[in-house]
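These notes concern the structure reproduced below.
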Amino acid sequence: MCGIISVVDRAGNRMDGSKIKKALSLMDERGSGEGAGYAAYGVYPEFADCYALHVFFDNIVETKSFVDDLLKIWGTIEHDEEIPTFEGPNLKKVHTPWRYFFRPDASLMSGTPSPEEDIVTYLVMKVNTSIPGALVYSSGKNIGVFKAAGWPEDVADFYRIQDYEGYIWLAHNRYPTNTKGWWGGAHPFNLLDWSVIHNGEITSYGTNRRYIESFGYRCTMFTDTEVVAYLVDLLARKHGLDEEMAVRALAPPFWDDIDAMPRKEKEMNLAIRLAYGSAMMNGPFAIVVANSEGICGFSDRIKLRPLIAAEKGDRLYISSEEAAIRCMEPELDRVWMPRAGEPVIGRVR
Amino acid sequence: MAVGSVPLRYRITIDRDRCMECGRCVENCPYGTFRWEGDRIVVDSRNCTACHRCIAMCPRDAISLAEYPCDYRSHPLWTRDAREAIYNQARSGKIILAGMGNVQPLPPIFDSLLLDACQVTNPSIDPLREPMELRTYIGKKPSKLEFSRTPDGDVDLRTELTPNLMLETPIMIGHMSYGAISLNAQLALAKGAHGAGTFLGTGEGGMHPAIFPYQDNMIVQVASGRFGVDVDYLNRGAAIEIKIGQGAKPGIGGHLPGEKVCADVSCTRMIPMGSDAISPAPHHDIYSIEDLAQLVRSLKEATEWKKPVFVKIAAVHNVAAIAAGIARSSADAVVVDGFRGGTGAAPKVFRDHVGIPIEAAISAVDQKLRNQGVRNEISVVASGGIRNAADVTKAIALGADAVYIGTAALVAMGCRVCGNCYRGLCPWGIATQRPDLVARLDPEKEGEHVANLIHAWTMEVSELMGAAGINAIESLRGNRDRLRGYLLDEGMLKVLDVKPVGA
């Protein structure tokens, strides 16, 4: 189960969160009230140059100082504050969501082509594996993830999602079946610029996790989706694959199809399967990955989970259900069902 | 002091009401268990090895075989085996030889690992209706790929791939040399590998011209004796394997007695007829990992960098660190052979007491290679005691790319695992060079049996993968989440990195 919906405005115009809240709530049957979340790109224009670190604290008195100290070692905290929340009858605050606007000191991480991003990645892994009671769940520039264990409408009301404005939105309604429902386990999952929502179960999780951990990533959120965010970071950022190549690594064509390709294409697809076989994802899934430049949706290789795409003007929608898309935009120019493993890409111009 | 003879181990009985005195048992037993006395067949059970050839050939089902009830005083420590070994050695003063694999009653870890299956939330996949991909490439893989875009938007791959072996199944057949086994047996294995779309090791015996038609399915071996090795041999193989160690006898070399070195074997091995072929434990040009790297590169140079080079080691206590060294030696694959690996001949004390289980070895090797960030760049082949498709699946889930089978392939050809391979009298025509015995094995028919076995296991692996919701073998490799340990101690669970059942 699980319901996903995402939208990108390719002209970069921002949308408030009210419609996506409504669309996600329409898919309540796909959830169990144990997790929902939203990610929006473009929500922090006033701190657009800083990394927005969202942290769940179990205890802001004792635990927070450890995070503060760690961040100060690696850069400057331009501003930090508690993320405004509004408790309702159905959603009580379990963790305290906090946001830091952080500027890493690139000179402290030498010998890497992307020192700032590597510092932030290091900090996310460091906090999540060594500071009990603190969990960094969002770490990109000018983007924010808002999630909790609850129904979509309650989580939206808890954060007042309708008050945020972004040019890309991702939203997820969770029906956990493998691991417990908890705030950290709700989607979207994020690392740096990357955010992921996912409907399904990744049966290759054991392989994917051990692959990604051999590159220094640490999986701490007890769920298969986390690994997708890290895989995308590895393939797209560190190895420099474009979206199409990254999706081809994560959900590659079958050998029979590869065998039938022209020589050059065949060799390229063979290389992808040889080099990235352990990154390939298996099991039923429909996934949307976003970064600040756009969104990319794709399903598993035999399409065991639904994925619908639609367009209206500059906006591209990808969701589990057409009804959810029509809830945001009743009049659509085009609606289609992408083939298994075929990426649907919406780039911001 | 007179030690005397030890009691017989098996008792053969002929049901005289059923026996029609056809004499097939006499003809078929090379160990001399049956003989004519006048017009009557008599039995000397002392010679029996439990090879079952007589039973299989008796047209009247008149022969029965039982383990001989022993009248030793029962003792938990001084078992029959322990006492008989002492009697034999007190008499002979020699090392005791044995064939096939370890016979210690140690529980196979594979049997304490249980596989996963999908239920409601995650549909299992039906391999009869959906694609199931077991294609496996063995060889070096790039750690990352680089692409470039041409001005017209075309994508070019800039990373060059090194040669890999392509298998349609993750099951290969390990190295059994011509000499240790008969030419008919090797030919049958080669036909079987060819039929199943996989590969077979030549062992260290060179490559007989009769095998040439199957050379594209052969992995040629370079052992310390360098028997049969020249550039033509290297170029004939699809891949080259340097043998450092063997699971059944880690730390010692091989020995083919001179009496097995007939004209054909002599030619194939490039050694004089009738001379002992001794391949010592150490390669005398390898005393460090740097030396090994040099040999790997020399072999690649000799074959114009067109062949993957494997390095085979026995599973020993420090196997993970050794494998990590091999991974950095330019080798394309490391073969790890567990302590249940079979052999033509080994000192019994080695076969039964040296080395570690393949399950633990593979797990440790896979983890070490990952810790060092090189797992993806080298293939890992597991061997030594793979008995069925479940073992194959579990070995891959623990971290192997593919497996080698040995004894299982011989069993498919008739072997009854009697463990007397070192005597050169194999009644099934497998571990022998005696022409009349060799002629008993039909390469066509047995090749088909071997191919059938690999095909059947491959289908079973597909079903197991489908049940776990996995449709490509890449997603099974190292996927320890799909395993649970049952009745394994905490230490072993930790080594295997597998959760206990219920977790």
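Residues are named by chain letter and number: chains run A, B, ... in the order of the structure tokens, numbers start at 1 in each chain, and ligands are numbered from 1 in the order shown.
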
Discussion item. Near chain B, meaning an atom within 6 Å, which residues of chain A appear when counting only C-alpha atoms? Write them as a ChimeraX atom specification.
Written reply: /A:204,206-207,214,274-275,277-278,282-283

Only N, CA, C and O atoms, please: the residues just picked out, written as a PDB file, in the first residue's frame.
ATOM      1  N   SER A 204      15.380  -6.154  -2.373  1.00  0.00           N
ATOM      2  CA  SER A 204      16.839  -6.161  -2.485  1.00  0.00           C
ATOM      3  C   SER A 204      17.476  -5.300  -1.392  1.00  0.00           C
ATOM      4  O   SER A 204      18.678  -5.040  -1.442  1.00  0.00           O
ATOM      5  N   GLY A 206      18.576  -5.746   1.561  1.00  0.00           N
ATOM      6  CA  GLY A 206      19.789  -6.276   2.182  1.00  0.00           C
ATOM      7  C   GLY A 206      21.012  -6.050   1.303  1.00  0.00           C
ATOM      8  O   GLY A 206      22.081  -5.658   1.782  1.00  0.00           O
ATOM      9  N   THR A 207      20.840  -6.270   0.005  1.00  0.00           N
ATOM     10  CA  THR A 207      21.947  -6.060  -0.940  1.00  0.00           C
ATOM     11  C   THR A 207      22.244  -4.572  -1.072  1.00  0.00           C
ATOM     12  O   THR A 207      23.397  -4.143  -0.994  1.00  0.00           O
ATOM     13  N   SER A 214      29.066   0.275   2.040  1.00  0.00           N
ATOM     14  CA  SER A 214      30.488   0.143   1.717  1.00  0.00           C
ATOM     15  C   SER A 214      31.042   1.450   1.158  1.00  0.00           C
ATOM     16  O   SER A 214      32.245   1.595   0.985  1.00  0.00           O
ATOM     17  N   LEU A 274      26.599  -4.360 -14.828  1.00  0.00           N
ATOM     18  CA  LEU A 274      27.800  -4.901 -14.190  1.00  0.00           C
ATOM     19  C   LEU A 274      28.279  -3.992 -13.061  1.00  0.00           C
ATOM     20  O   LEU A 274      28.599  -4.460 -11.974  1.00  0.00           O
ATOM     21  N   ALA A 275      28.308  -2.707 -13.336  1.00  0.00           N
ATOM     22  CA  ALA A 275      28.852  -1.791 -12.329  1.00  0.00           C
ATOM     23  C   ALA A 275      27.875  -1.559 -11.178  1.00  0.00           C
ATOM     24  O   ALA A 275      28.290  -1.413 -10.032  1.00  0.00           O
ATOM     25  N   GLY A 277      24.985  -3.473 -10.366  1.00  0.00           N
ATOM     26  CA  GLY A 277      24.075  -4.578 -10.040  1.00  0.00           C
ATOM     27  C   GLY A 277      23.609  -4.555  -8.597  1.00  0.00           C
ATOM     28  O   GLY A 277      22.458  -4.867  -8.293  1.00  0.00           O
ATOM     29  N   SER A 278      24.488  -4.155  -7.705  1.00  0.00           N
ATOM     30  CA  SER A 278      24.113  -4.152  -6.280  1.00  0.00           C
ATOM     31  C   SER A 278      23.250  -2.949  -5.918  1.00  0.00           C
ATOM     32  O   SER A 278      22.663  -2.907  -4.840  1.00  0.00           O
ATOM     33  N   ASN A 282      14.898  -4.232  -6.303  1.00  0.00           N
ATOM     34  CA  ASN A 282      13.989  -5.302  -6.663  1.00  0.00           C
ATOM     35  C   ASN A 282      12.762  -5.233  -5.771  1.00  0.00           C
ATOM     36  O   ASN A 282      12.748  -4.521  -4.779  1.00  0.00           O
ATOM     37  N   GLY A 283      11.754  -5.993  -6.141  1.00  0.00           N
ATOM     38  CA  GLY A 283      10.523  -5.971  -5.360  1.00  0.00           C
ATOM     39  C   GLY A 283       9.548  -4.987  -5.956  1.00  0.00           C
ATOM     40  O   GLY A 283       9.836  -4.322  -6.953  1.00  0.00           O
TER      41      GLY A 283
END

Discussion item. Excluding A:Phe102 and its own-chain neighbours fewer than 6 positions away, which residues fall within 8 Å of it when counting only C-alpha atoms? Please give them as a ChimeraX atom specification.
Written reply: /A:50-53,71,75-79

Keeping only N, CA, C and O atoms, write those residues as an mmCIF file, in the first residue's frame.
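New file again.cif:
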data_model
loop_
_atom_site.group_PDB
_atom_site.id
_atom_site.type_symbol
_atom_site.label_atom_id
_atom_site.label_comp_id
_atom_site.auth_asym_id
_atom_site.auth_seq_id
_atom_site.Cartn_x
_atom_site.Cartn_y
_atom_site.Cartn_z
ATOM 1 N N CYS A 50 21.978 28.400 2.614
ATOM 2 C CA CYS A 50 22.343 27.570 3.770
ATOM 3 C C CYS A 50 21.703 26.184 3.644
ATOM 4 O O CYS A 50 20.664 26.020 3.011
ATOM 5 N N TYR A 51 22.339 25.222 4.263
ATOM 6 C CA TYR A 51 21.716 23.900 4.356
ATOM 7 C C TYR A 51 20.694 23.942 5.481
ATOM 8 O O TYR A 51 21.026 24.341 6.612
ATOM 9 N N ALA A 52 19.474 23.574 5.160
ATOM 10 C CA ALA A 52 18.410 23.564 6.174
ATOM 11 C C ALA A 52 18.400 22.177 6.808
ATOM 12 O O ALA A 52 17.973 21.205 6.189
ATOM 13 N N LEU A 53 18.903 22.083 8.027
ATOM 14 C CA LEU A 53 18.945 20.781 8.693
ATOM 15 C C LEU A 53 17.724 20.653 9.598
ATOM 16 O O LEU A 53 17.579 21.431 10.544
ATOM 17 N N LEU A 71 27.877 20.884 14.947
ATOM 18 C CA LEU A 71 27.720 21.788 13.799
ATOM 19 C C LEU A 71 28.728 22.928 13.863
ATOM 20 O O LEU A 71 29.297 23.339 12.842
ATOM 21 N N GLY A 75 31.242 24.278 10.858
ATOM 22 C CA GLY A 75 30.772 25.442 10.102
ATOM 23 C C GLY A 75 30.040 26.425 11.013
ATOM 24 O O GLY A 75 30.271 26.466 12.223
ATOM 25 N N THR A 76 29.130 27.169 10.402
ATOM 26 C CA THR A 76 28.436 28.223 11.137
ATOM 27 C C THR A 76 26.934 27.975 11.110
ATOM 28 O O THR A 76 26.375 27.677 10.048
ATOM 29 N N ILE A 77 26.315 28.138 12.275
ATOM 30 C CA ILE A 77 24.846 28.081 12.315
ATOM 31 C C ILE A 77 24.349 29.510 12.109
ATOM 32 O O ILE A 77 24.519 30.369 12.974
ATOM 33 N N GLU A 78 23.784 29.764 10.944
ATOM 34 C CA GLU A 78 23.315 31.135 10.650
ATOM 35 C C GLU A 78 22.071 31.453 11.469
ATOM 36 O O GLU A 78 21.877 32.574 11.909
ATOM 37 N N HIS A 79 21.242 30.456 11.636
ATOM 38 C CA HIS A 79 20.012 30.680 12.387
ATOM 39 C C HIS A 79 19.455 29.321 12.775
ATOM 40 O O HIS A 79 19.605 28.360 12.045
#

Practice prompt. Go through A:Pro84, A:Gly294, A:Pro188, A:Pro252 and flag the residue nearest A:Thr223, using only C-alpha atoms for the distances.
Written response: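 Of all the options, A:Pro188 lies closest to A:Thr223.
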
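Remark: for A:Thr63, the closest of the candidate residues A:Ala106, A:Ala134, A:Val124, A:Ile119 is A:Ala134 (distances computed over only C-alpha atoms).
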
Discussion item. Applying 6 Å and only C-alpha atoms, which residues near stretch 142-154 of chain A remain after dropping the ones on its own chain fewer than 3 positions away? List them as number ranges by chain.
Written reply: A: 25, 33-44, 48, 138, 157-158, 182-183

Worksheet item: What is the atom CA of A:Val8 to atom CA of A:Asp314 distance in Å?
Response: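 Separating atom CA of A:Val8 from atom CA of A:Asp314 is a distance of 8.0 Å.
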
Item to complete: Compile the contact shell of A:Val136 as a PyMOL selection string: residues with an atom at most 10 Å away, counting only C-alpha atoms, same-chain residues fewer than 5 positions apart removed.
Response: chain A and resi 53-57+67+97-99+123-128+184+190-191

List as a PDB file with all heavy atoms, in the first residue's frame the protein and nucleic acid residues near B:Gly195, meaning an atom at most 10 Å away when only C-alpha atoms are counted, but skip any in the same chain fewer than 4 places from it.
ATOM      1  N   LEU B 189      31.526 -33.898 -18.047  1.00  0.00           N
ATOM      2  CA  LEU B 189      31.349 -32.625 -17.327  1.00  0.00           C
ATOM      3  C   LEU B 189      31.381 -31.455 -18.300  1.00  0.00           C
ATOM      4  O   LEU B 189      30.600 -30.497 -18.186  1.00  0.00           O
ATOM      5  CB  LEU B 189      32.449 -32.460 -16.270  1.00  0.00           C
ATOM      6  CG  LEU B 189      32.418 -33.435 -15.094  1.00  0.00           C
ATOM      7  CD1 LEU B 189      33.680 -33.290 -14.248  1.00  0.00           C
ATOM      8  CD2 LEU B 189      31.180 -33.236 -14.222  1.00  0.00           C
ATOM      9  N   ALA B 190      32.290 -31.537 -19.280  1.00  0.00           N
ATOM     10  CA  ALA B 190      32.398 -30.458 -20.265  1.00  0.00           C
ATOM     11  C   ALA B 190      31.122 -30.360 -21.101  1.00  0.00           C
ATOM     12  O   ALA B 190      30.606 -29.268 -21.358  1.00  0.00           O
ATOM     13  CB  ALA B 190      33.603 -30.693 -21.165  1.00  0.00           C
ATOM     14  N   LYS B 191      30.611 -31.514 -21.499  1.00  0.00           N
ATOM     15  CA  LYS B 191      29.354 -31.509 -22.268  1.00  0.00           C
ATOM     16  C   LYS B 191      28.229 -30.950 -21.399  1.00  0.00           C
ATOM     17  O   LYS B 191      27.363 -30.202 -21.855  1.00  0.00           O
ATOM     18  CB  LYS B 191      28.994 -32.932 -22.712  1.00  0.00           C
ATOM     19  CG  LYS B 191      29.837 -33.453 -23.860  1.00  0.00           C
ATOM     20  CD  LYS B 191      29.530 -34.931 -24.104  1.00  0.00           C
ATOM     21  CE  LYS B 191      30.525 -35.569 -25.053  1.00  0.00           C
ATOM     22  NZ  LYS B 191      30.281 -35.260 -26.465  1.00  0.00           N
ATOM     23  N   PHE B 199      30.389 -23.050 -16.995  1.00  0.00           N
ATOM     24  CA  PHE B 199      31.817 -23.300 -17.161  1.00  0.00           C
ATOM     25  C   PHE B 199      32.295 -24.431 -16.257  1.00  0.00           C
ATOM     26  O   PHE B 199      31.674 -24.740 -15.240  1.00  0.00           O
ATOM     27  CB  PHE B 199      32.600 -22.021 -16.873  1.00  0.00           C
ATOM     28  CG  PHE B 199      32.343 -20.963 -17.893  1.00  0.00           C
ATOM     29  CD1 PHE B 199      31.229 -20.134 -17.776  1.00  0.00           C
ATOM     30  CD2 PHE B 199      33.174 -20.820 -18.991  1.00  0.00           C
ATOM     31  CE1 PHE B 199      30.958 -19.171 -18.741  1.00  0.00           C
ATOM     32  CE2 PHE B 199      32.908 -19.863 -19.956  1.00  0.00           C
ATOM     33  CZ  PHE B 199      31.804 -19.033 -19.834  1.00  0.00           C
ATOM     34  N   ASN B 217      33.975 -23.286 -22.784  1.00  0.00           N
ATOM     35  CA  ASN B 217      33.313 -23.473 -21.495  1.00  0.00           C
ATOM     36  C   ASN B 217      34.307 -23.891 -20.408  1.00  0.00           C
ATOM     37  O   ASN B 217      33.904 -24.280 -19.323  1.00  0.00           O
ATOM     38  CB  ASN B 217      32.224 -24.557 -21.594  1.00  0.00           C
ATOM     39  CG  ASN B 217      31.097 -24.133 -22.495  1.00  0.00           C
ATOM     40  OD1 ASN B 217      31.154 -24.338 -23.688  1.00  0.00           O
ATOM     41  ND2 ASN B 217      30.080 -23.514 -21.931  1.00  0.00           N
ATOM     42  N   GLY B 447      26.861 -36.553 -19.598  1.00  0.00           N
ATOM     43  CA  GLY B 447      26.872 -35.113 -19.842  1.00  0.00           C
ATOM     44  C   GLY B 447      25.461 -34.542 -19.743  1.00  0.00           C
ATOM     45  O   GLY B 447      25.225 -33.457 -19.195  1.00  0.00           O
ATOM     46  N   GLU B 448      24.538 -35.325 -20.242  1.00  0.00           N
ATOM     47  CA  GLU B 448      23.135 -34.904 -20.182  1.00  0.00           C
ATOM     48  C   GLU B 448      22.652 -34.855 -18.715  1.00  0.00           C
ATOM     49  O   GLU B 448      21.936 -33.940 -18.317  1.00  0.00           O
ATOM     50  CB  GLU B 448      22.308 -35.918 -20.952  1.00  0.00           C
ATOM     51  CG  GLU B 448      21.070 -35.349 -21.591  1.00  0.00           C
ATOM     52  CD  GLU B 448      20.463 -36.380 -22.522  1.00  0.00           C
ATOM     53  OE1 GLU B 448      21.066 -36.668 -23.580  1.00  0.00           O
ATOM     54  OE2 GLU B 448      19.411 -36.904 -22.163  1.00  0.00           O
ATOM     55  N   VAL B 450      24.480 -34.290 -16.105  1.00  0.00           N
ATOM     56  CA  VAL B 450      25.085 -33.120 -15.446  1.00  0.00           C
ATOM     57  C   VAL B 450      24.319 -31.853 -15.844  1.00  0.00           C
ATOM     58  O   VAL B 450      23.978 -31.010 -14.995  1.00  0.00           O
ATOM     59  CB  VAL B 450      26.584 -33.008 -15.815  1.00  0.00           C
ATOM     60  CG1 VAL B 450      27.166 -31.686 -15.337  1.00  0.00           C
ATOM     61  CG2 VAL B 450      27.356 -34.183 -15.222  1.00  0.00           C
ATOM     62  N   ALA B 451      24.033 -31.733 -17.150  1.00  0.00           N
ATOM     63  CA  ALA B 451      23.285 -30.552 -17.613  1.00  0.00           C
ATOM     64  C   ALA B 451      21.902 -30.521 -16.974  1.00  0.00           C
ATOM     65  O   ALA B 451      21.410 -29.458 -16.557  1.00  0.00           O
ATOM     66  CB  ALA B 451      23.169 -30.564 -19.137  1.00  0.00           C
ATOM     67  N   ASN B 452      21.279 -31.690 -16.868  1.00  0.00           N
ATOM     68  CA  ASN B 452      19.956 -31.764 -16.221  1.00  0.00           C
ATOM     69  C   ASN B 452      20.017 -31.268 -14.783  1.00  0.00           C
ATOM     70  O   ASN B 452      19.144 -30.535 -14.325  1.00  0.00           O
ATOM     71  CB  ASN B 452      19.459 -33.218 -16.175  1.00  0.00           C
ATOM     72  CG  ASN B 452      18.860 -33.651 -17.500  1.00  0.00           C
ATOM     73  OD1 ASN B 452      18.606 -32.822 -18.357  1.00  0.00           O
ATOM     74  ND2 ASN B 452      18.641 -34.943 -17.645  1.00  0.00           N
ATOM     75  N   ILE B 454      22.169 -29.210 -13.360  1.00  0.00           N
ATOM     76  CA  ILE B 454      22.371 -27.757 -13.272  1.00  0.00           C
ATOM     77  C   ILE B 454      21.088 -27.030 -13.685  1.00  0.00           C
ATOM     78  O   ILE B 454      20.676 -26.048 -13.051  1.00  0.00           O
ATOM     79  CB  ILE B 454      23.577 -27.320 -14.139  1.00  0.00           C
ATOM     80  CG1 ILE B 454      24.851 -27.938 -13.564  1.00  0.00           C
ATOM     81  CG2 ILE B 454      23.688 -25.805 -14.200  1.00  0.00           C
ATOM     82  CD1 ILE B 454      26.094 -27.716 -14.396  1.00  0.00           C
ATOM     83  N   HIS B 455      20.450 -27.556 -14.698  1.00  0.00           N
ATOM     84  CA  HIS B 455      19.195 -26.942 -15.156  1.00  0.00           C
ATOM     85  C   HIS B 455      18.131 -27.015 -14.038  1.00  0.00           C
ATOM     86  O   HIS B 455      17.442 -26.036 -13.744  1.00  0.00           O
ATOM     87  CB  HIS B 455      18.726 -27.679 -16.408  1.00  0.00           C
ATOM     88  CG  HIS B 455      17.479 -27.121 -17.000  1.00  0.00           C
ATOM     89  ND1 HIS B 455      17.402 -25.828 -17.454  1.00  0.00           N
ATOM     90  CD2 HIS B 455      16.250 -27.663 -17.182  1.00  0.00           C
ATOM     91  CE1 HIS B 455      16.185 -25.606 -17.914  1.00  0.00           C
ATOM     92  NE2 HIS B 455      15.464 -26.695 -17.750  1.00  0.00           N
TER      93      HIS B 455
END

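Of the residues listed (B:Glu490, B:Asp436, B:Glu359, B:Asp232), B:Asp232 shows the shortest atom-to-atom separation from B:Gln215; distances use only C-alpha atoms.
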
Discussion item. Report as a list in words all protein, DNA and RNA residues lying within 8 Å of B:Met207, evaluated on only C-alpha atoms, omitting residues in the same chain fewer than 6 positions from it.
Written reply: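 That gives Tyr178, Val220, Gly228, Tyr233, Thr268 and Arg269 of chain B.
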
Since we have the selection now, will you write its residues out, keeping N, CA, C and O atoms, as a short mmCIF file (atom, residue, chain, number, x, y, z; two decimals), in the first residue's frame?
data_model
loop_
_atom_site.label_atom_id
_atom_site.label_comp_id
_atom_site.auth_asym_id
_atom_site.auth_seq_id
_atom_site.Cartn_x
_atom_site.Cartn_y
_atom_site.Cartn_z
N TYR B 178 42.14 -34.02 -15.46
CA TYR B 178 42.31 -35.29 -16.19
C TYR B 178 43.54 -35.94 -15.57
O TYR B 178 44.64 -35.40 -15.61
N VAL B 220 40.87 -22.77 -17.40
CA VAL B 220 42.11 -23.54 -17.29
C VAL B 220 42.81 -23.20 -15.98
O VAL B 220 42.74 -22.07 -15.50
N GLY B 228 50.89 -29.11 -17.85
CA GLY B 228 50.08 -28.85 -19.04
C GLY B 228 49.98 -27.38 -19.40
O GLY B 228 49.23 -27.03 -20.31
N TYR B 233 47.57 -23.49 -24.13
CA TYR B 233 46.61 -23.93 -23.12
C TYR B 233 45.90 -22.73 -22.50
O TYR B 233 44.67 -22.68 -22.37
N THR B 268 49.03 -34.87 -21.91
CA THR B 268 48.21 -33.73 -21.53
C THR B 268 48.88 -32.90 -20.44
O THR B 268 48.80 -31.68 -20.43
N ARG B 269 49.53 -33.58 -19.52
CA ARG B 269 50.19 -32.87 -18.42
C ARG B 269 51.58 -32.38 -18.78
O ARG B 269 52.19 -31.64 -18.02
#

Fill in: From B:Ile173, B:Leu234, B:Met492, B:Asp264, residue lying nearest B:Ala408 [only C-alpha atoms]
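Checking each candidate against B:Ala408, we get B:Ile173 as the closest.
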
Discussion item. I need the residues in stretch 196-240 of chain B that are strand (DSSP E or B) according to DSSP; give them as an MDAnalysis selection string.
Written reply: chainID B and resid 200:201 218:222 239:240

Write a file of the just-selected residues containing C-alpha atoms, as an mmCIF file, in the first residue's frame.
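Result file result-v1.cif:
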data_model
loop_
_atom_site.group_PDB
_atom_site.id
_atom_site.type_symbol
_atom_site.label_atom_id
_atom_site.label_comp_id
_atom_site.auth_asym_id
_atom_site.auth_seq_id
_atom_site.Cartn_x
_atom_site.Cartn_y
_atom_site.Cartn_z
ATOM 1 C CA LEU B 200 34.011 -26.123 -15.968
ATOM 2 C CA GLY B 201 37.501 -26.143 -14.522
ATOM 3 C CA MET B 218 36.593 -24.317 -19.790
ATOM 4 C CA ILE B 219 38.493 -22.478 -17.090
ATOM 5 C CA VAL B 220 42.106 -23.541 -17.292
ATOM 6 C CA GLN B 221 44.058 -23.976 -14.115
ATOM 7 C CA VAL B 222 47.582 -22.975 -13.229
ATOM 8 C CA ALA B 239 39.332 -17.905 -18.087
ATOM 9 C CA ILE B 240 42.422 -18.831 -16.100
#

Practice prompt. Tell me, as a list in words, which residues lie within 8 Å of B:Ile171, counting only C-alpha atoms; anything in the same chain fewer than 2 positions away does not count.
Written response: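 The residues that qualify are Thr169, Ile173, Thr198, Val392, Ala402, Val403, Tyr404, Ile405, Ile454 and Thr458 of chain B.
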
Discussion item. Let's see if you can do this: from backbone DSSP, list all alpha helix (DSSP H) residues in stretch 8-257 of chain A, as number ranges by chain.
Written reply: A: 18-26, 63-74, 115-130, 152-159, 205-213, 224-232, 243-250, 255-257
